[in-house]
Structure formats: structure tokens, C-alpha cells
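A.B. asks: I have a structure I would like to understand better, so I am pasting it below and will then ask my questions one at a time.
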Amino acid sequence: MRRLTSAATLATVLLAALAGIVDALAFSGLGGFFASFMSGNSTRLGIGLAHGWNGAAATAAALVLAFVAGAMLGTIVGAAAVERLGPKRRAEAVMGFVTLLLAFGAALSAVAPLTLAMLLLAAAMGAQNGVVAPEGEVRVGLTYMTGTLVRIGQRVARRLMGDRSAPTPQRDLLLWLGFVAGVAIGGIGWAWLGLAALWVAAALAAALTMLVARVDWN
């Protein structure tokens with residue numbers, strides 16, 4: 001997260017919180033599958049394959065493919081926005097695309113099997129990682145925290161060994177805390193609202209779209 005402004009850092013924490021909310025909704029709705037945590041889905045896919053191809057393996061594979069497809073589409077949307085509207089509109093366009101996917105997922109949940117709606121949520125989370133990717137490569141992982149936790153551990157270790165030039169871990173810690181807070185909010189939202197919580201996630205994404213439009217990501 002280095003070189004990000006304070007406003008951009010705050011935006012990434014809020015985006016991580018949104019990812020946590022969406023992941024909690026998918027986990028609650030699908031009984032242990034994820035919209036943003038593809039390591040978990042990959043583990044479930046592997047376990048399913050070990051016991052023969054089954055419904056759990058198929059669900060995990062579909063979610064992984066949807067996430068990758070979302071990352072691809074988010075990259076394409078961002079590149080198109082840069083070409084047609086300029087680089088300052090890239091993050092806004094990608095986040096707008098995320099909002100549309102979440103809204104379509106919420107609408108689909110009322111008329112189709114829930115798994116299909118959750119595929120759109122996974123695609124949205126794949127696309128969201130393109131918000132902080134000004135040159136086409138992800139600069140901050142907004143929907144997965146393993147790398148964030150590794151950076152925290154490495155930076156603390158370097159500081160303990162006396163390397164004062166090592167970056168401080170505060171920003172990564174805020175990112176992780178934002179994600180965990182979002183998961184808690186999403187879990188409460190599912191318990192209180194059920195499928196209607198999907199619309200809340202879409203509304204939050206719309207609000208974040210307006211926020212990222214005001215942030216300098218370069």
C-alpha cells in the first residue's frame with residue numbers, strides 16, 4: 001500500500017470492508033463457500049476432487065472461474081475507461097462495474113438458485129481488485145488477506161531486527177481490520193435481512209463508487 005495518499009488508504013480499507021461483507025453473505029448463503037477468498041474455494045475444490053466429483057467441487061470450481069472472469073472483465077473495463085475517458089476515471093468505472101454485478105446478483109437471488117447469484121458476487125470481487133491497478137496490475141489486494149498478513153509479519157520482523165527503513169505495518173493492519181469488520185457486518189446483515197442484505201451490499205458499492213471517483217490513485 002506504499003505511496004498511497006491518506007484518502008486512498010481510507011478508500012482501500014472501506015473497499016476491503018465491502019469485500020468482507022460480500023464474503024460473509026456468500027459464506028452464509030452457500031454454507032461455507034466464499035465470494036472473495038479463492039484459497040478457501042480452491043481447498044474445497046481439492047477436497048471434493050479427492051472424494052470424487054460432487055456438488056461441492058462443482059460449486060467451488062464455478063466460484064473460482066467466476067472470480068477470475070470478474071478480474072478479467074474488471075481489467076477490460078478499466079482499460080476501456082482509460083482509453084475513452086482518461087486515467088482519472090478508471091477506478092470509478094471499475095467500481096461502477098462492481099456495483100452493477102452486485103445489483104444483478106441481488107436481483108437474480110429472487111428468481112434463480114442462490115448459487116447463480118453468488119457467482120455474480122464472486123465476479124464482482126474479482127473485478128474489485130482492479131480498482132487499485134493504475135497500470136493494469138493489482139497494487140493492493142482488496143479481497144484477500146493472506147498477502148496482507150504476510151507483509152505485516154515481515155515488516156514487524158524487519159523492525160524488530162533493527163531495520164528502521166522497513167515500512168510500518170499500520171496500513172496493512174488497517175486493511176485486514178477493515179476486511180474482518182466487514183465480515184462481521186455481513187454476518188449480522190444476513191442474520192437480520194437474509195437475501196435483502198445483498199441489496200445493502202450493492203448500495204454500499206454504489207457509495208464507494210462515488211468515493212473512489214474523488215481519490216487520486218496514481
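Residues in the C-alpha cells are numbered from 1 in each chain, the chains being A, B, ... in the order shown, and ligands are numbered from 1 in the order shown.
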If you count only C-alpha atoms, which residues fall within 9 Å of Phe104 in chain A, apart from same-chain ones fewer than 4 positions away, as a PyMOL selection string?
C.D. replies: chain A and resi 99-100+108-109+117+120-121+202
A.B. asks: Any idea what's packed within 12 Å of Ala207 in chain A, counting only C-alpha atoms, ignoring anything in its chain fewer than 3 positions away? Could you give it as a list in words?
C.D. replies: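 Listed by chain and then number, they are Ala11, Leu14, Leu15, Leu18, Glu92, Met95, Gly96, Val98, Thr99, Val200, Ala201, Ala202, Ala203, Leu204, Met210, Leu211, Val212, Ala213 and Arg214 of chain A.
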A.B. asks: Where in range 18-138 of chain A does DSSP assign alpha helix (DSSP H), given as number ranges by chain?
C.D. replies: A: 18-30, 38-50, 55-85, 90-108, 114-128
A.B. asks: Env of Ala57 in chain A: 12 Å cut, atoms = only C-alpha atoms, seq-sep filter 6 positions within chain, self excluded. Answer as an mmCIF file with N, CA, C and O atoms, in the first residue's frame.
C.D. replies:
```cif
data_model
loop_
_atom_site.group_PDB
_atom_site.id
_atom_site.type_symbol
_atom_site.label_atom_id
_atom_site.label_comp_id
_atom_site.auth_asym_id
_atom_site.auth_seq_id
_atom_site.Cartn_x
_atom_site.Cartn_y
_atom_site.Cartn_z
ATOM 1 N N PHE A 33 -18.944 -21.627 1.358
ATOM 2 C CA PHE A 33 -18.194 -21.208 0.179
ATOM 3 C C PHE A 33 -18.014 -19.685 0.227
ATOM 4 O O PHE A 33 -18.686 -19.000 0.993
ATOM 5 N N GLY A 40 -9.781 -20.546 -0.084
ATOM 6 C CA GLY A 40 -10.738 -21.430 0.582
ATOM 7 C C GLY A 40 -11.540 -22.241 -0.409
ATOM 8 O O GLY A 40 -11.754 -23.451 -0.229
ATOM 9 N N ASN A 41 -11.995 -21.597 -1.480
ATOM 10 C CA ASN A 41 -12.743 -22.328 -2.501
ATOM 11 C C ASN A 41 -11.864 -23.353 -3.210
ATOM 12 O O ASN A 41 -12.322 -24.441 -3.570
ATOM 13 N N SER A 42 -10.591 -23.019 -3.417
ATOM 14 C CA SER A 42 -9.674 -23.965 -4.058
ATOM 15 C C SER A 42 -9.451 -25.183 -3.169
ATOM 16 O O SER A 42 -9.352 -26.314 -3.663
ATOM 17 N N THR A 43 -9.380 -24.946 -1.850
ATOM 18 C CA THR A 43 -9.257 -26.066 -0.918
ATOM 19 C C THR A 43 -10.492 -26.957 -0.991
ATOM 20 O O THR A 43 -10.389 -28.198 -1.044
ATOM 21 N N ARG A 44 -11.663 -26.346 -1.016
ATOM 22 C CA ARG A 44 -12.897 -27.132 -1.112
ATOM 23 C C ARG A 44 -12.970 -27.882 -2.434
ATOM 24 O O ARG A 44 -13.476 -29.002 -2.496
ATOM 25 N N LEU A 45 -12.471 -27.278 -3.493
ATOM 26 C CA LEU A 45 -12.423 -27.961 -4.784
ATOM 27 C C LEU A 45 -11.517 -29.187 -4.697
ATOM 28 O O LEU A 45 -11.879 -30.282 -5.144
ATOM 29 N N GLY A 46 -10.333 -29.018 -4.123
ATOM 30 C CA GLY A 46 -9.407 -30.140 -3.998
ATOM 31 C C GLY A 46 -9.953 -31.270 -3.153
ATOM 32 O O GLY A 46 -9.819 -32.453 -3.501
ATOM 33 N N ILE A 47 -10.590 -30.918 -2.036
ATOM 34 C CA ILE A 47 -11.187 -31.944 -1.170
ATOM 35 C C ILE A 47 -12.303 -32.666 -1.915
ATOM 36 O O ILE A 47 -12.448 -33.892 -1.832
ATOM 37 N N GLY A 48 -13.100 -31.885 -2.662
ATOM 38 C CA GLY A 48 -14.168 -32.506 -3.440
ATOM 39 C C GLY A 48 -13.627 -33.466 -4.477
ATOM 40 O O GLY A 48 -14.167 -34.560 -4.680
ATOM 41 N N LEU A 49 -12.543 -33.086 -5.140
ATOM 42 C CA LEU A 49 -11.933 -33.971 -6.139
ATOM 43 C C LEU A 49 -11.375 -35.234 -5.494
ATOM 44 O O LEU A 49 -11.405 -36.317 -6.090
ATOM 45 N N ALA A 50 -10.860 -35.078 -4.261
ATOM 46 C CA ALA A 50 -10.312 -36.245 -3.566
ATOM 47 C C ALA A 50 -11.382 -37.285 -3.266
ATOM 48 O O ALA A 50 -11.083 -38.474 -3.146
ATOM 49 N N HIS A 51 -12.611 -36.836 -3.152
ATOM 50 C CA HIS A 51 -13.722 -37.750 -2.847
ATOM 51 C C HIS A 51 -14.586 -38.026 -4.079
ATOM 52 O O HIS A 51 -15.710 -38.515 -3.954
ATOM 53 N N LEU A 63 -17.216 -20.906 -8.611
ATOM 54 C CA LEU A 63 -16.893 -19.646 -7.937
ATOM 55 C C LEU A 63 -15.500 -19.159 -8.313
ATOM 56 O O LEU A 63 -15.283 -17.959 -8.531
ATOM 57 N N VAL A 64 -14.536 -20.068 -8.396
ATOM 58 C CA VAL A 64 -13.184 -19.686 -8.795
ATOM 59 C C VAL A 64 -13.185 -19.130 -10.216
ATOM 60 O O VAL A 64 -12.584 -18.086 -10.503
#
```
A.B. asks: Excluding Leu177 in chain A and any residue of its chain fewer than 6 positions from it, enumerate the residues within 9 Å of it, using only C-alpha atoms, and give them as a list in words.
C.D. replies: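 So the residues in contact are Val13, Ala16 and Ala17 of chain A.
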A.B. asks: Output the selection as a short mmCIF file (atom, residue, chain, number, x, y, z; two decimals), in the first residue's frame - C-alpha atoms for each residue.
C.D. replies:
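Result file selection-v2.cif:
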```cif
data_model
loop_
_atom_site.label_atom_id
_atom_site.label_comp_id
_atom_site.auth_asym_id
_atom_site.auth_seq_id
_atom_site.Cartn_x
_atom_site.Cartn_y
_atom_site.Cartn_z
CA VAL A 13 -9.89 -0.03 3.88
CA ALA A 16 -11.77 -4.29 1.95
CA ALA A 17 -14.71 -3.95 4.34
#
```
